[in-house]
file my_file21.txt (compact mmCIF, C-alpha atoms)
# COMPACT_ATOMS: atom_id res chain seq x y z
CA MET A 1 -62.11 -13.39 -1.63
CA ASN A 2 -63.28 -10.96 1.06
CA ASN A 3 -65.73 -8.60 -0.70
CA SER A 4 -65.94 -6.32 2.30
CA ARG A 5 -62.49 -5.01 1.48
CA ARG A 6 -62.86 -1.77 -0.47
CA GLY A 7 -60.50 0.85 -1.70
CA PRO A 8 -58.18 1.36 -4.62
CA ALA A 9 -56.28 -1.66 -6.00
CA PRO A 10 -52.62 -1.90 -4.91
CA ILE A 11 -50.25 -0.09 -7.27
CA MET A 12 -48.52 -3.36 -8.23
CA ASN A 13 -51.79 -4.71 -9.77
CA LYS A 14 -52.48 -1.57 -11.87
CA PRO A 15 -52.00 -2.37 -15.57
CA LYS A 16 -49.24 -0.36 -17.19
CA VAL A 17 -50.52 2.22 -19.65
CA ILE A 18 -48.36 2.85 -22.67
CA SER A 19 -48.13 6.58 -23.07
CA ILE A 20 -46.34 7.96 -26.11
CA ARG A 21 -45.45 11.59 -25.70
CA ASP A 22 -43.21 11.95 -28.73
CA LEU A 23 -44.83 10.48 -31.83
CA SER A 24 -41.66 11.09 -33.85
CA LYS A 25 -39.87 8.38 -31.86
CA CYS A 26 -41.00 4.76 -31.92
CA TYR A 27 -41.91 3.47 -28.46
CA SER A 28 -40.64 -0.03 -29.29
CA CYS A 29 -37.49 0.21 -31.42
CA LYS A 30 -36.64 3.88 -30.68
CA SER A 31 -36.38 4.80 -34.37
CA THR A 32 -36.59 8.55 -34.91
CA GLY A 33 -38.01 10.81 -37.59
CA LEU A 34 -41.49 9.26 -37.61
CA LYS A 35 -44.26 11.47 -38.99
CA GLU A 36 -47.56 12.25 -37.32
CA SER A 37 -49.27 10.39 -40.17
CA ASP A 38 -47.35 7.20 -39.40
CA PHE A 39 -49.84 4.90 -37.71
CA TYR A 40 -47.23 2.14 -37.62
CA CYS A 41 -43.51 2.51 -37.16
CA PRO A 42 -41.95 1.97 -40.60
CA ASN A 43 -38.99 0.22 -39.00
CA CYS A 44 -40.53 -2.36 -36.67
CA GLY A 45 -44.28 -2.13 -37.38
CA PHE A 46 -45.18 -1.05 -33.83
CA PRO A 47 -48.74 0.40 -33.81
CA GLN A 48 -47.54 3.79 -32.61
CA GLN A 49 -51.04 5.25 -32.81
CA GLY A 50 -52.95 2.07 -32.13
CA THR A 51 -54.97 1.03 -29.08
CA GLN A 52 -53.39 -0.08 -25.82
CA VAL A 53 -54.35 -3.66 -26.68
CA GLN A 54 -52.65 -3.48 -30.08
CA MET A 55 -49.51 -1.97 -28.63
CA LYS A 56 -49.29 -4.45 -25.78
CA ARG A 57 -49.93 -7.37 -28.11
CA PHE A 58 -47.06 -6.21 -30.32
CA LEU A 59 -44.68 -5.83 -27.39
CA GLN A 60 -45.72 -9.22 -26.06
CA GLY A 61 -44.90 -10.70 -29.49
CA VAL A 62 -41.42 -9.19 -29.41
CA ARG A 63 -40.83 -10.50 -25.88
CA GLU A 64 -42.01 -13.94 -26.99
CA LYS A 65 -39.55 -13.96 -29.89
CA LYS A 66 -36.73 -12.91 -27.54
CA ARG A 67 -37.70 -15.70 -25.14
CA LEU A 68 -37.68 -18.23 -27.99
CA LEU A 69 -34.29 -17.00 -29.14
CA ASP A 70 -32.96 -17.31 -25.60
CA ASP A 71 -34.20 -20.92 -25.53
CA LYS A 72 -32.36 -21.66 -28.77
CA LYS A 73 -29.19 -20.03 -27.51
CA ARG A 74 -29.48 -22.08 -24.35
CA ALA A 75 -29.65 -25.29 -26.43
CA ILE A 76 -26.56 -24.19 -28.36
CA ARG A 77 -24.68 -23.48 -25.12
CA LYS A 78 -25.75 -26.88 -23.82
CA ALA A 79 -24.34 -28.58 -26.93
CA ARG A 80 -21.10 -26.63 -26.51
CA ASN A 81 -20.87 -27.70 -22.87
CA ILE A 82 -21.46 -31.30 -23.93
CA LEU A 83 -18.43 -31.02 -26.21
CA PHE A 84 -16.27 -29.87 -23.31
CA PHE A 85 -17.77 -32.47 -21.01
CA VAL A 86 -17.16 -35.36 -23.42
CA GLY A 87 -13.62 -34.12 -24.01
CA ALA A 88 -12.94 -33.96 -20.30
CA ILE A 89 -14.39 -37.43 -19.67
CA ASN A 90 -12.25 -38.90 -22.46
CA LEU A 91 -9.14 -37.21 -21.13
CA VAL A 92 -9.57 -38.19 -17.50
CA ILE A 93 -10.69 -41.77 -18.06
CA GLY A 94 -8.23 -42.37 -20.88
CA VAL A 95 -5.23 -41.07 -18.96
CA ILE A 96 -6.15 -42.98 -15.81
CA LEU A 97 -6.77 -46.22 -17.69
CA GLY A 98 -3.61 -45.76 -19.75
CA ALA A 99 -1.57 -45.13 -16.62
CA ILE A 100 -2.98 -48.19 -14.83
CA GLN A 101 -2.43 -50.45 -17.83
CA GLU A 102 0.86 -48.75 -18.73
CA ASP A 103 -0.53 -48.30 -22.25
CA ASN A 104 0.86 -45.25 -24.01
CA ILE A 105 -1.45 -45.69 -27.00
CA THR A 106 -4.51 -45.21 -24.77
CA ILE A 107 -3.03 -42.07 -23.22
CA VAL A 108 -2.06 -40.58 -26.59
CA ALA A 109 -5.44 -41.45 -28.10
CA SER A 110 -7.29 -39.89 -25.15
CA ILE A 111 -5.31 -36.68 -25.46
CA ILE A 112 -5.99 -36.49 -29.22
CA ILE A 113 -9.70 -37.13 -28.73
CA ALA A 114 -9.97 -34.64 -25.88
CA GLY A 115 -8.15 -32.09 -27.99
CA ILE A 116 -10.62 -32.59 -30.82
CA TYR A 117 -13.62 -32.08 -28.52
CA PHE A 118 -12.13 -29.06 -26.75
CA GLY A 119 -11.25 -27.53 -30.10
CA LEU A 120 -14.80 -28.05 -31.30
CA GLY A 121 -16.13 -26.54 -28.08
CA ILE A 122 -14.09 -23.40 -28.63
CA TRP A 123 -15.03 -23.28 -32.32
CA CYS A 124 -18.70 -23.55 -31.27
CA ASN A 125 -18.52 -19.97 -30.00
CA HIS A 126 -17.85 -18.76 -33.56
CA LYS A 127 -19.40 -21.38 -35.85
CA PRO A 128 -21.83 -23.43 -33.78
CA PHE A 129 -23.45 -25.35 -36.64
CA PRO A 130 -20.39 -27.09 -38.13
CA ALA A 131 -18.83 -27.48 -34.67
CA ILE A 132 -21.81 -29.29 -33.17
CA LEU A 133 -22.41 -31.40 -36.28
CA THR A 134 -18.72 -32.37 -36.30
CA GLY A 135 -18.97 -33.24 -32.62
CA LEU A 136 -21.89 -35.55 -33.35
CA ILE A 137 -20.09 -37.27 -36.25
CA VAL A 138 -16.88 -37.70 -34.25
CA TYR A 139 -18.79 -38.99 -31.22
CA ILE A 140 -20.65 -41.62 -33.24
CA SER A 141 -17.50 -42.66 -35.14
CA LEU A 142 -15.39 -43.03 -32.01
CA HIS A 143 -18.01 -45.22 -30.42
CA ALA A 144 -18.12 -47.26 -33.62
CA MET A 145 -14.33 -47.73 -33.36
CA ALA A 146 -14.69 -48.75 -29.73
CA ALA A 147 -17.43 -51.23 -30.67
CA ILE A 148 -15.10 -52.89 -33.16
CA VAL A 149 -12.46 -53.40 -30.48
CA ASP A 150 -14.96 -54.40 -27.78
CA PRO A 151 -18.63 -54.91 -28.85
CA THR A 152 -19.84 -54.70 -25.23
CA THR A 153 -19.06 -50.97 -25.24
CA ILE A 154 -22.21 -50.47 -27.34
CA VAL A 155 -24.45 -51.00 -24.32
CA ARG A 156 -22.19 -49.48 -21.71
CA GLY A 157 -23.35 -46.03 -20.68
CA VAL A 158 -26.16 -46.11 -23.22
CA ILE A 159 -28.25 -43.53 -21.35
CA LEU A 160 -25.39 -41.05 -21.29
CA LYS A 161 -24.79 -41.68 -25.00
CA ILE A 162 -28.43 -40.95 -25.77
CA ILE A 163 -28.30 -37.74 -23.73
CA VAL A 164 -25.16 -36.63 -25.56
CA ILE A 165 -26.53 -37.41 -29.03
CA VAL A 166 -29.87 -35.73 -28.29
CA GLY A 167 -27.98 -32.72 -26.93
CA PHE A 168 -25.96 -32.44 -30.15
CA VAL A 169 -29.01 -32.85 -32.39
CA LYS A 170 -31.00 -30.23 -30.44
CA GLY A 171 -27.94 -27.99 -30.58
CA PHE A 172 -27.52 -27.84 -34.33
CA LYS A 173 -31.29 -27.64 -34.85
CA ALA A 174 -31.33 -24.66 -32.48
CA VAL A 175 -28.59 -22.97 -34.52
CA LYS A 176 -30.69 -23.10 -37.67
CA GLU A 177 -33.89 -22.06 -35.92
CA SER A 178 -32.20 -19.20 -34.12
CA GLU A 179 -30.84 -17.72 -37.36
CA GLY A 180 -34.33 -16.87 -38.64
CA LEU A 181 -35.42 -15.56 -35.25
CA GLN A 182 -32.33 -13.40 -34.95
CA ASN A 183 -32.95 -11.85 -38.36
CA GLU A 184 -36.55 -11.12 -37.40
CA LEU A 185 -35.59 -9.58 -34.08
CA ASP A 186 -32.87 -7.49 -35.68
CA ASP A 187 -35.53 -5.94 -37.90
CA LEU A 188 -37.75 -5.30 -34.89
CA THR A 189 -35.15 -3.85 -32.54
CA ASN A 190 -32.45 -2.09 -34.59
CA LYS A 191 -33.46 1.55 -34.74
CA LYS A 192 -33.28 3.78 -37.80
CA ASP A 193 -33.52 7.51 -38.40
CA PHE A 194 -36.26 8.50 -40.84
CA THR A 195 -35.75 12.25 -40.28
CA GLU A 196 -34.38 13.18 -43.73
CA ASP A 197 -36.66 10.76 -45.55
CA GLU A 198 -38.64 12.50 -48.33
CA SER A 199 -41.54 10.02 -48.68
CA MET A 200 -44.89 11.76 -49.06
CA MET B 1 -41.34 5.93 -55.00
CA ASN B 2 -42.11 2.53 -53.42
CA GLN B 3 -45.69 1.67 -52.65
CA CYS B 4 -47.27 -0.79 -50.26
CA ASP B 5 -48.75 -3.77 -52.13
CA LYS B 6 -51.66 -3.92 -49.70
CA CYS B 7 -52.82 -0.31 -49.28
CA GLN B 8 -50.82 1.52 -52.00
CA SER B 9 -49.43 4.03 -49.51
CA ASN B 10 -46.08 5.55 -50.31
CA LEU B 11 -43.22 3.93 -48.49
CA SER B 12 -40.02 5.32 -47.06
CA ALA B 13 -36.92 3.97 -48.78
CA LYS B 14 -35.73 2.58 -45.43
CA ALA B 15 -39.11 1.15 -44.43
CA THR B 16 -39.45 -2.45 -43.32
CA PHE B 17 -43.17 -2.01 -42.58
CA CYS B 18 -45.87 0.10 -44.18
CA SER B 19 -46.55 3.02 -41.83
CA ASN B 20 -50.22 3.06 -42.89
CA CYS B 21 -51.36 -0.58 -42.67
CA GLY B 22 -48.43 -2.20 -40.84
CA THR B 23 -47.75 -4.82 -43.57
CA ARG B 24 -44.17 -6.05 -43.72
CA VAL B 25 -42.73 -4.74 -46.98
CA LYS B 26 -39.14 -5.92 -46.70
CA PRO B 27 -38.82 -9.72 -46.47
CA ILE B 28 -36.92 -11.27 -43.58
CA GLU B 29 -33.37 -12.21 -44.60
CA LYS B 30 -33.75 -15.74 -45.86
CA VAL B 31 -32.29 -18.56 -43.87
CA GLN B 32 -32.21 -22.18 -44.90
CA GLU B 33 -35.68 -23.26 -43.86
CA ASP B 34 -35.47 -26.85 -44.97
CA TYR B 35 -32.19 -27.79 -43.29
CA LYS B 36 -33.57 -31.03 -41.88
CA ARG B 37 -33.78 -32.92 -45.15
CA PRO B 38 -30.15 -32.41 -46.24
CA ILE B 39 -28.83 -33.05 -42.73
CA ASN B 40 -30.92 -36.22 -42.37
CA LYS B 41 -29.65 -37.41 -45.75
CA VAL B 42 -26.03 -36.81 -44.75
CA LEU B 43 -26.41 -38.51 -41.37
CA VAL B 44 -28.36 -41.49 -42.73
CA PHE B 45 -25.88 -42.03 -45.57
CA PHE B 46 -22.98 -41.72 -43.15
CA LEU B 47 -24.55 -44.17 -40.69
CA ILE B 48 -25.28 -46.67 -43.48
CA MET B 49 -21.66 -46.58 -44.64
CA LEU B 50 -20.36 -46.75 -41.08
CA GLY B 51 -22.71 -49.62 -40.32
CA TYR B 52 -21.54 -51.44 -43.44
CA ILE B 53 -17.87 -51.03 -42.52
CA ILE B 54 -18.53 -52.36 -39.01
CA LEU B 55 -20.60 -55.25 -40.39
CA VAL B 56 -17.81 -56.24 -42.75
CA TYR B 57 -15.40 -56.23 -39.84
CA PHE B 58 -17.59 -58.47 -37.70
CA LEU B 59 -18.51 -60.83 -40.56
CA ASP B 60 -14.77 -61.43 -41.05
CA LEU B 61 -15.01 -62.77 -44.61
CA GLY B 62 -11.35 -63.60 -44.48
CA ILE B 63 -8.23 -62.30 -46.11
CA GLY B 64 -8.05 -62.54 -49.84
CA TYR B 65 -8.58 -60.56 -53.00
CA ILE B 66 -12.09 -61.93 -53.65
CA PRO B 67 -13.55 -60.91 -50.25
CA SER B 68 -11.82 -57.57 -50.62
CA LEU B 69 -13.28 -56.91 -54.07
CA LEU B 70 -16.72 -58.08 -52.94
CA GLN B 71 -16.61 -55.61 -50.05
CA ASP B 72 -15.53 -52.85 -52.43
CA ALA B 73 -18.32 -53.75 -54.83
CA PHE B 74 -20.99 -53.66 -52.15
CA PHE B 75 -19.70 -50.32 -50.88
CA ALA B 76 -19.87 -49.05 -54.46
CA VAL B 77 -23.50 -50.17 -54.71
CA ILE B 78 -24.42 -48.18 -51.59
CA VAL B 79 -22.69 -45.08 -52.95
CA LEU B 80 -24.22 -45.48 -56.41
CA PHE B 81 -27.68 -45.70 -54.87
CA TYR B 82 -27.25 -42.23 -53.38
CA PHE B 83 -25.54 -41.03 -56.54
CA PHE B 84 -28.54 -41.94 -58.68
CA ILE B 85 -31.00 -40.34 -56.24
CA ASP B 86 -29.40 -37.00 -57.09
CA PHE B 87 -28.09 -37.94 -60.50
CA ASN B 88 -28.95 -34.73 -62.35
CA LYS B 89 -26.92 -32.56 -59.98
CA LEU B 90 -24.08 -35.00 -59.36
CA LYS B 91 -23.43 -35.86 -63.00
CA LYS B 92 -22.32 -32.25 -63.55
CA LEU B 93 -19.37 -32.92 -61.24
CA PHE B 94 -17.97 -35.26 -63.87
CA SER B 95 -17.43 -32.42 -66.27
CA PHE B 96 -13.87 -31.63 -67.41
CA ASN B 97 -14.76 -27.99 -68.14
CA ASN B 98 -12.89 -26.45 -65.22
CA THR B 99 -9.92 -28.81 -65.27
CA THR B 100 -6.55 -28.12 -66.88
CA VAL B 101 -3.60 -30.26 -67.87
CA LYS B 102 -1.45 -28.20 -65.48
CA GLY B 103 -3.73 -29.19 -62.61
CA PHE B 104 -3.39 -32.88 -63.34
CA VAL B 105 0.38 -32.56 -63.75
CA LEU B 106 0.66 -30.89 -60.34
CA ILE B 107 -1.38 -33.73 -58.84
CA LEU B 108 0.89 -36.31 -60.47
CA ILE B 109 3.91 -34.61 -58.92
CA PHE B 110 2.69 -33.81 -55.43
CA ALA B 111 0.43 -36.77 -54.63
CA PRO B 112 3.27 -39.34 -54.69
CA LEU B 113 5.47 -36.99 -52.66
CA PHE B 114 2.78 -36.64 -50.02
CA ALA B 115 2.31 -40.42 -50.04
CA LEU B 116 6.04 -40.80 -49.38
CA VAL B 117 5.92 -38.41 -46.44
CA VAL B 118 2.83 -40.07 -44.97
CA SER B 119 4.31 -43.55 -45.37
CA PHE B 120 7.41 -42.41 -43.53
CA ILE B 121 5.41 -40.78 -40.71
CA GLY B 122 3.00 -43.71 -40.50
CA ASP B 123 5.86 -46.15 -40.28
CA ALA B 124 7.55 -44.10 -37.54
CA ILE B 125 4.35 -43.86 -35.49
CA ASN B 126 3.66 -47.55 -35.94
CA ASN B 127 7.18 -48.46 -34.81
CA ALA B 128 6.87 -46.21 -31.78
CA LEU B 129 3.45 -47.41 -30.65
CA SER B 130 3.15 -50.97 -31.93
CA PRO B 131 6.54 -52.25 -33.07
CA ASP B 132 5.29 -55.86 -33.22
CA VAL B 133 2.50 -55.02 -35.67
CA GLN B 134 3.37 -54.46 -39.32
CA ILE B 135 0.70 -52.97 -41.55
CA SER B 136 0.63 -54.36 -45.07
CA TYR B 137 -1.88 -53.30 -47.72
CA LEU B 138 -0.60 -55.86 -50.24
CA GLN B 139 -0.95 -58.86 -47.97
CA THR B 140 -4.66 -59.18 -48.79
CA PHE B 141 -3.85 -59.71 -52.48
CA TYR B 142 -1.05 -62.28 -52.32
CA ASP B 143 -3.53 -64.94 -53.51
CA ALA B 144 -4.58 -62.90 -56.56
CA PRO B 145 -3.34 -63.80 -60.05
CA PHE B 146 -1.74 -60.33 -60.37
CA PRO B 147 -1.39 -59.11 -56.77
CA LEU B 148 -0.25 -55.57 -57.49
CA LEU B 149 -2.90 -55.03 -60.16
CA PHE B 150 -5.72 -56.25 -57.94
CA ALA B 151 -4.38 -54.19 -55.04
CA ILE B 152 -4.41 -51.09 -57.23
CA ILE B 153 -7.98 -51.81 -58.31
CA SER B 154 -9.16 -52.39 -54.74
CA ILE B 155 -7.15 -49.74 -52.92
CA GLY B 156 -6.46 -47.26 -55.72
CA VAL B 157 -9.38 -47.25 -58.11
CA PHE B 158 -12.43 -48.13 -56.02
CA PRO B 159 -11.83 -45.69 -53.14
CA ALA B 160 -10.79 -42.92 -55.53
CA ILE B 161 -14.07 -43.10 -57.41
CA PHE B 162 -16.61 -44.09 -54.79
CA GLU B 163 -15.23 -42.26 -51.76
CA GLU B 164 -15.04 -39.10 -53.85
CA ILE B 165 -18.61 -39.53 -55.09
CA ALA B 166 -19.74 -40.14 -51.51
CA CYS B 167 -17.78 -37.43 -49.71
CA ARG B 168 -17.16 -34.68 -52.24
CA GLY B 169 -20.26 -35.49 -54.25
CA VAL B 170 -23.24 -36.52 -52.12
CA PHE B 171 -22.11 -35.16 -48.73
CA PHE B 172 -20.73 -31.92 -50.08
CA ASN B 173 -23.81 -31.17 -52.19
CA GLU B 174 -26.15 -31.71 -49.25
CA LEU B 175 -24.00 -29.77 -46.79
CA GLN B 176 -23.84 -26.80 -49.15
CA LYS B 177 -27.60 -26.49 -48.82
CA VAL B 178 -27.34 -25.79 -45.08
CA THR B 179 -23.99 -24.15 -44.48
CA THR B 180 -21.17 -22.19 -46.06
CA VAL B 181 -18.70 -23.60 -48.61
CA LYS B 182 -15.86 -23.52 -46.08
CA SER B 183 -17.89 -25.41 -43.50
CA SER B 184 -19.00 -27.89 -46.18
CA ILE B 185 -15.36 -28.57 -47.07
CA PHE B 186 -14.53 -29.05 -43.40
CA LEU B 187 -17.53 -31.28 -42.65
CA SER B 188 -17.07 -33.46 -45.74
CA ALA B 189 -13.41 -33.90 -44.71
CA ILE B 190 -14.53 -34.93 -41.22
CA LEU B 191 -16.99 -37.48 -42.67
CA PHE B 192 -14.28 -38.79 -44.98
CA THR B 193 -11.82 -39.11 -42.08
CA MET B 194 -14.24 -40.78 -39.70
CA LEU B 195 -15.23 -43.40 -42.29
CA HIS B 196 -11.66 -44.68 -42.20
CA LEU B 197 -12.10 -45.52 -38.48
CA SER B 198 -8.47 -44.94 -37.59
CA LEU B 199 -7.48 -42.42 -34.96
CA ILE B 200 -3.82 -42.06 -35.96
CA SER B 201 -4.69 -41.71 -39.64
CA ILE B 202 -6.63 -38.54 -38.81
CA LEU B 203 -3.26 -36.80 -39.10
CA TRP B 204 -3.07 -37.29 -42.87
CA ILE B 205 -6.55 -38.34 -43.94
CA PHE B 206 -8.18 -35.13 -42.71
CA PRO B 207 -5.76 -32.78 -44.56
CA LEU B 208 -6.19 -34.86 -47.71
CA GLY B 209 -9.95 -34.78 -47.34
CA TYR B 210 -9.84 -31.03 -46.82
CA LEU B 211 -7.68 -30.56 -49.92
CA PHE B 212 -9.97 -32.74 -52.07
CA GLY B 213 -12.96 -30.80 -50.77
CA TYR B 214 -11.27 -27.52 -51.59
CA LEU B 215 -10.56 -28.72 -55.16
CA ARG B 216 -14.16 -29.85 -55.53
CA ALA B 217 -15.47 -26.49 -54.31
CA LYS B 218 -13.10 -24.37 -56.39
CA TYR B 219 -13.32 -26.21 -59.71
CA ASN B 220 -16.78 -27.76 -59.33
CA THR B 221 -15.50 -31.13 -60.48
CA LEU B 222 -14.70 -34.46 -58.87
CA TRP B 223 -11.91 -35.27 -61.32
CA TYR B 224 -9.10 -33.56 -59.42
CA GLY B 225 -10.10 -35.37 -56.24
CA ILE B 226 -10.50 -38.72 -57.99
CA ILE B 227 -7.11 -38.53 -59.72
CA ALA B 228 -5.34 -37.19 -56.62
CA HIS B 229 -6.94 -39.87 -54.46
CA PHE B 230 -6.01 -42.60 -56.95
CA VAL B 231 -2.42 -41.41 -57.34
CA TYR B 232 -1.97 -41.04 -53.59
CA ASN B 233 -3.38 -44.49 -52.71
CA THR B 234 -1.49 -46.18 -55.53
CA SER B 235 1.72 -44.46 -54.49
CA VAL B 236 1.32 -45.84 -50.95
CA LEU B 237 0.93 -49.31 -52.46
CA LEU B 238 3.96 -48.91 -54.70
CA ILE B 239 6.05 -47.62 -51.80
CA GLU B 240 5.24 -50.83 -49.97
CA TYR B 241 5.71 -52.96 -53.10
CA TRP B 242 9.14 -51.53 -53.87
CA GLU B 243 10.00 -51.50 -50.15
CA LEU B 244 11.00 -47.87 -50.31
CA ILE B 245 10.27 -47.47 -46.58
call {"tool": "encode", "arguments": {"input": "my_file21.txt", "output": "structure tokens"}}
result
Amino acid sequence: MNNSRRGPAPIMNKPKVISIRDLSKCYSCKSTGLKESDFYCPNCGFPQQGTQVQMKRFLQGVREKKRLLDDKKRAIRKARNILFFVGAINLVIGVILGAIQEDNITIVASIIIAGIYFGLGIWCNHKPFPAILTGLIVYISLHAMAAIVDPTTIVRGVILKIIVIVGFVKGFKAVKESEGLQNELDDLTNKKDFTEDESM
Amino acid sequence: MNQCDKCQSNLSAKATFCSNCGTRVKPIEKVQEDYKRPINKVLVFFLIMLGYIILVYFLDLGIGYIPSLLQDAFFAVIVLFYFFIDFNKLKKLFSFNNTTVKGFVLILIFAPLFALVVSFIGDAINNALSPDVQISYLQTFYDAPFPLLFAIISIGVFPAIFEEIACRGVFFNELQKVTTVKSSIFLSAILFTMLHLSLISILWIFPLGYLFGYLRAKYNTLWYGIIAHFVYNTSVLLIEYWELI
């Protein structure tokens, strides 16, 4: 670093100072009706009258929880996309194979299976946990059925199968883990009005 | 007036945190923290049963009433193992407290009717897709001293008891720990359907599984499911025996 350079630091490097002008409104969750005696926001626990370090640490914690929740939601979306992907693969390959072999059973079966996966993918938007778990159970069972007909299918595409199963497992785990995080974040971000509160 | 447990400050009625010391005073809405154990139990049990069914297929013990009963017995042992792990909770499902005579009468009327409809549909689908293949449930028992009786024991009694214990007992109980009742009914029906390893049969096995799950959830007993399952399976056998379709 060139120590001969002097002068004020560029604006972009200047740490942001949290300045609270209105103590009756929480800086973090925007709840209103806070009293001057409230050191912490009674809604989210933000240290309204704390040090800069305390305030920034709190805000960093909230951002971290949001980031974690986004990760979980991403895993859930991935599992949902896997459902659509597996459905599409079954449909395309099944119909092509059925057409080549002139086998109506294969075509009908592929359409049923694809329909199940697409239905689960749509249901995942509303009830991700049972949808993803069902997808996993159906996926394993269908491969078991295929193995009975042709045991060599067990090893075919094994890497893809592992990716799919891991995706499903991570998906329904993420659903459960995101529920707790969401509840916590709701407490920290949903504002309240304490204006008419008569606590002493 | 509420007070903070830590610093004894007065709290607002709407407060989630103490405004004096910052302690959380309202607990976070509880979610199922230990979801892994029930889900692992369901998946492991399901995989064991699936693995057993596939093993039986590959071992090919032959057609006959003795291999069939041996397979049923071994399946029953697997189910009973899981039943006795959670015996105290599962034994309550064998109570008759919430059952009524009217309920059983309705089952005795509608289960055979449904069996008739399914047999008709199954036969039609089979003729359309595989006309050269004829499915016979009784064929396995032709070598038995009393073929129909042994068929009823193997196809009527055993599945009614042990599939219900497995699906509406063990699976349902574990699933209820991690999800809603409705989802538990749905998931236990899916597990029940998939264990039959037949794509076409999804059309009637899943609705039956859903109905049995609903009865289990509503009346907190396995008896309706067991009797309905027995009557349905036995009706399918009798329809074949009397050549009604």
call {"tool": "closest_atom_pairs", "arguments": {"input": "my_file21.txt", "of": "region 120-197 of chain B", "to": "region 101-106 of chain A", "cutoff": "10 Å", "atoms": "only C-alpha atoms", "output": "tab-separated table"}}
result
residue	atom	partner	partner_atom	distance
B:Ala128	CA	A:Ile105	CA	9.6
B:Leu129	CA	A:Ile105	CA	6.3
B:Ser130	CA	A:Ile105	CA	8.6
call {"tool": "residues_around", "arguments": {"input": "my_file21.txt", "residues": "Val138 (chain A)", "least_positions_apart": "6", "cutoff": "12 Å", "atoms": "only C-alpha atoms", "output": "VMD selection string"}}
result
(chain A and resid 83 86 to 87 113 to 114 116 to 117 120 130 to 132 144 to 145 165 168) or (chain B and resid 43 46 to 47 50 187 189 to 199 202)
call {"tool": "closest_atom_pairs", "arguments": {"input": "my_file21.txt", "of": "chain A", "to": "chain B", "cutoff": "7 Å", "atoms": "all atoms listed in the file", "output": "CSV"}}
result
residue,atom,partner,partner_atom,distance
A:Asp38,CA,B:Ser19,CA,4.9
A:Phe39,CA,B:Asn20,CA,5.5
A:Tyr40,CA,B:Ser19,CA,4.4
A:Cys41,CA,B:Ser19,CA,5.6
A:Pro42,CA,B:Phe17,CA,4.6
A:Asn43,CA,B:Thr16,CA,5.1
A:Cys44,CA,B:Phe17,CA,6.5
A:Gly45,CA,B:Phe17,CA,5.3
A:Ile105,CA,B:Leu129,CA,6.3
A:Pro130,CA,B:Ser183,CA,6.2
A:Thr134,CA,B:Leu187,CA,6.6
A:Val138,CA,B:Met194,CA,6.8
A:Ser141,CA,B:Met194,CA,5.9
A:Met145,CA,B:Leu197,CA,6.0
A:Ile148,CA,B:Ile54,CA,6.8
A:Glu179,CA,B:Val31,CA,6.7
A:Gly180,CA,B:Val31,CA,5.9
A:Asn183,CA,B:Glu29,CA,6.3
A:Glu184,CA,B:Ile28,CA,6.2
A:Asp197,CA,B:Ser12,CA,6.6
A:Ser199,CA,B:Ser12,CA,5.2
A:Met200,CA,B:Asn10,CA,6.4
call {"tool": "closest_residue", "arguments": {"input": "my_file21.txt", "among": "A:Ile107, A:Leu188, A:Ile154, A:Ala146", "to": "Leu91 (chain A)", "atoms": "all atoms listed in the file"}}
result
A:Ile107
call {"tool": "closest_residue", "arguments": {"input": "my_file21.txt", "among": "B:Thr100, B:Arg37, B:Val236, B:Asn88", "to": "Ala115 (chain B)", "atoms": "all atoms listed in the file"}}
result
B:Val236
call {"tool": "axis_aligned_box", "arguments": {"input": "my_file21.txt", "around": "region 45-64 of chain B", "padding_each_side": "6 Å", "output": "AutoDock Vina command-line options"}}
result
--center_x -17.0 --center_y -52.7 --center_z -43.8 --size_x 29.8 --size_y 33.9 --size_z 24.1
call {"tool": "atom_distance", "arguments": {"input": "my_file21.txt", "atom1": "CA of Ile20 (chain A)", "atom2": "CA of Gly33 (chain A)"}}
result
14.5 Å
call {"tool": "closest_residue", "arguments": {"input": "my_file21.txt", "among": "A:Lys73, A:Lys176, A:Lys16, A:Arg63", "to": "Ser28 (chain A)", "atoms": "only C-alpha atoms"}}
result
A:Arg63
call {"tool": "closest_residue", "arguments": {"input": "my_file21.txt", "among": "B:Asp5, B:Asp143, B:Asp72, B:Glu243", "to": "Gly156 (chain B)", "atoms": "only C-alpha atoms"}}
result
B:Asp72
call {"tool": "atom_distance", "arguments": {"input": "my_file21.txt", "atom1": "CA of Gly62 (chain B)", "atom2": "CA of Tyr241 (chain B)"}}
result
21.9 Å
call {"tool": "closest_residue", "arguments": {"input": "my_file21.txt", "among": "B:Tyr137, B:Phe212, B:Phe120, B:Phe206", "to": "Ile152 (chain B)", "atoms": "all atoms listed in the file"}}
result
B:Tyr137
call {"tool": "atom_distance", "arguments": {"input": "my_file21.txt", "atom1": "CA of Phe129 (chain A)", "atom2": "CA of Phe172 (chain A)"}}
result
5.3 Å
call {"tool": "residues_around", "arguments": {"input": "my_file21.txt", "residues": "Lys72 (chain A)", "least_positions_apart": "3", "cutoff": "12 Å", "atoms": "all atoms listed in the file", "output": "JSON, numbers by chain"}}
result
{"A": [65, 66, 67, 68, 69, 75, 76, 77, 78, 79, 128, 170, 171, 172, 173, 174, 175, 176, 177, 178, 179, 180, 181, 182]}
call {"tool": "closest_residue", "arguments": {"input": "my_file21.txt", "among": "B:Cys4, B:Ser136, B:Phe141, B:Asn220", "to": "Asp123 (chain B)", "atoms": "all atoms listed in the file"}}
result
B:Ser136
call {"tool": "residues_around", "arguments": {"input": "my_file21.txt", "residues": "Pro112 (chain B)", "least_positions_apart": "3", "cutoff": "7 Å", "atoms": "all atoms listed in the file", "output": "short mmCIF file (atom, residue, chain, number, x, y, z; two decimals) with C-alpha atoms, in the frame of the given file"}}
result
data_model
loop_
_atom_site.label_atom_id
_atom_site.label_comp_id
_atom_site.auth_asym_id
_atom_site.auth_seq_id
_atom_site.Cartn_x
_atom_site.Cartn_y
_atom_site.Cartn_z
CA LEU B 108 0.89 -36.31 -60.47
CA ILE B 109 3.91 -34.61 -58.92
CA ALA B 115 2.31 -40.42 -50.04
CA LEU B 116 6.04 -40.80 -49.38
CA VAL B 231 -2.42 -41.41 -57.34
CA TYR B 232 -1.97 -41.04 -53.59
CA SER B 235 1.72 -44.46 -54.49
#
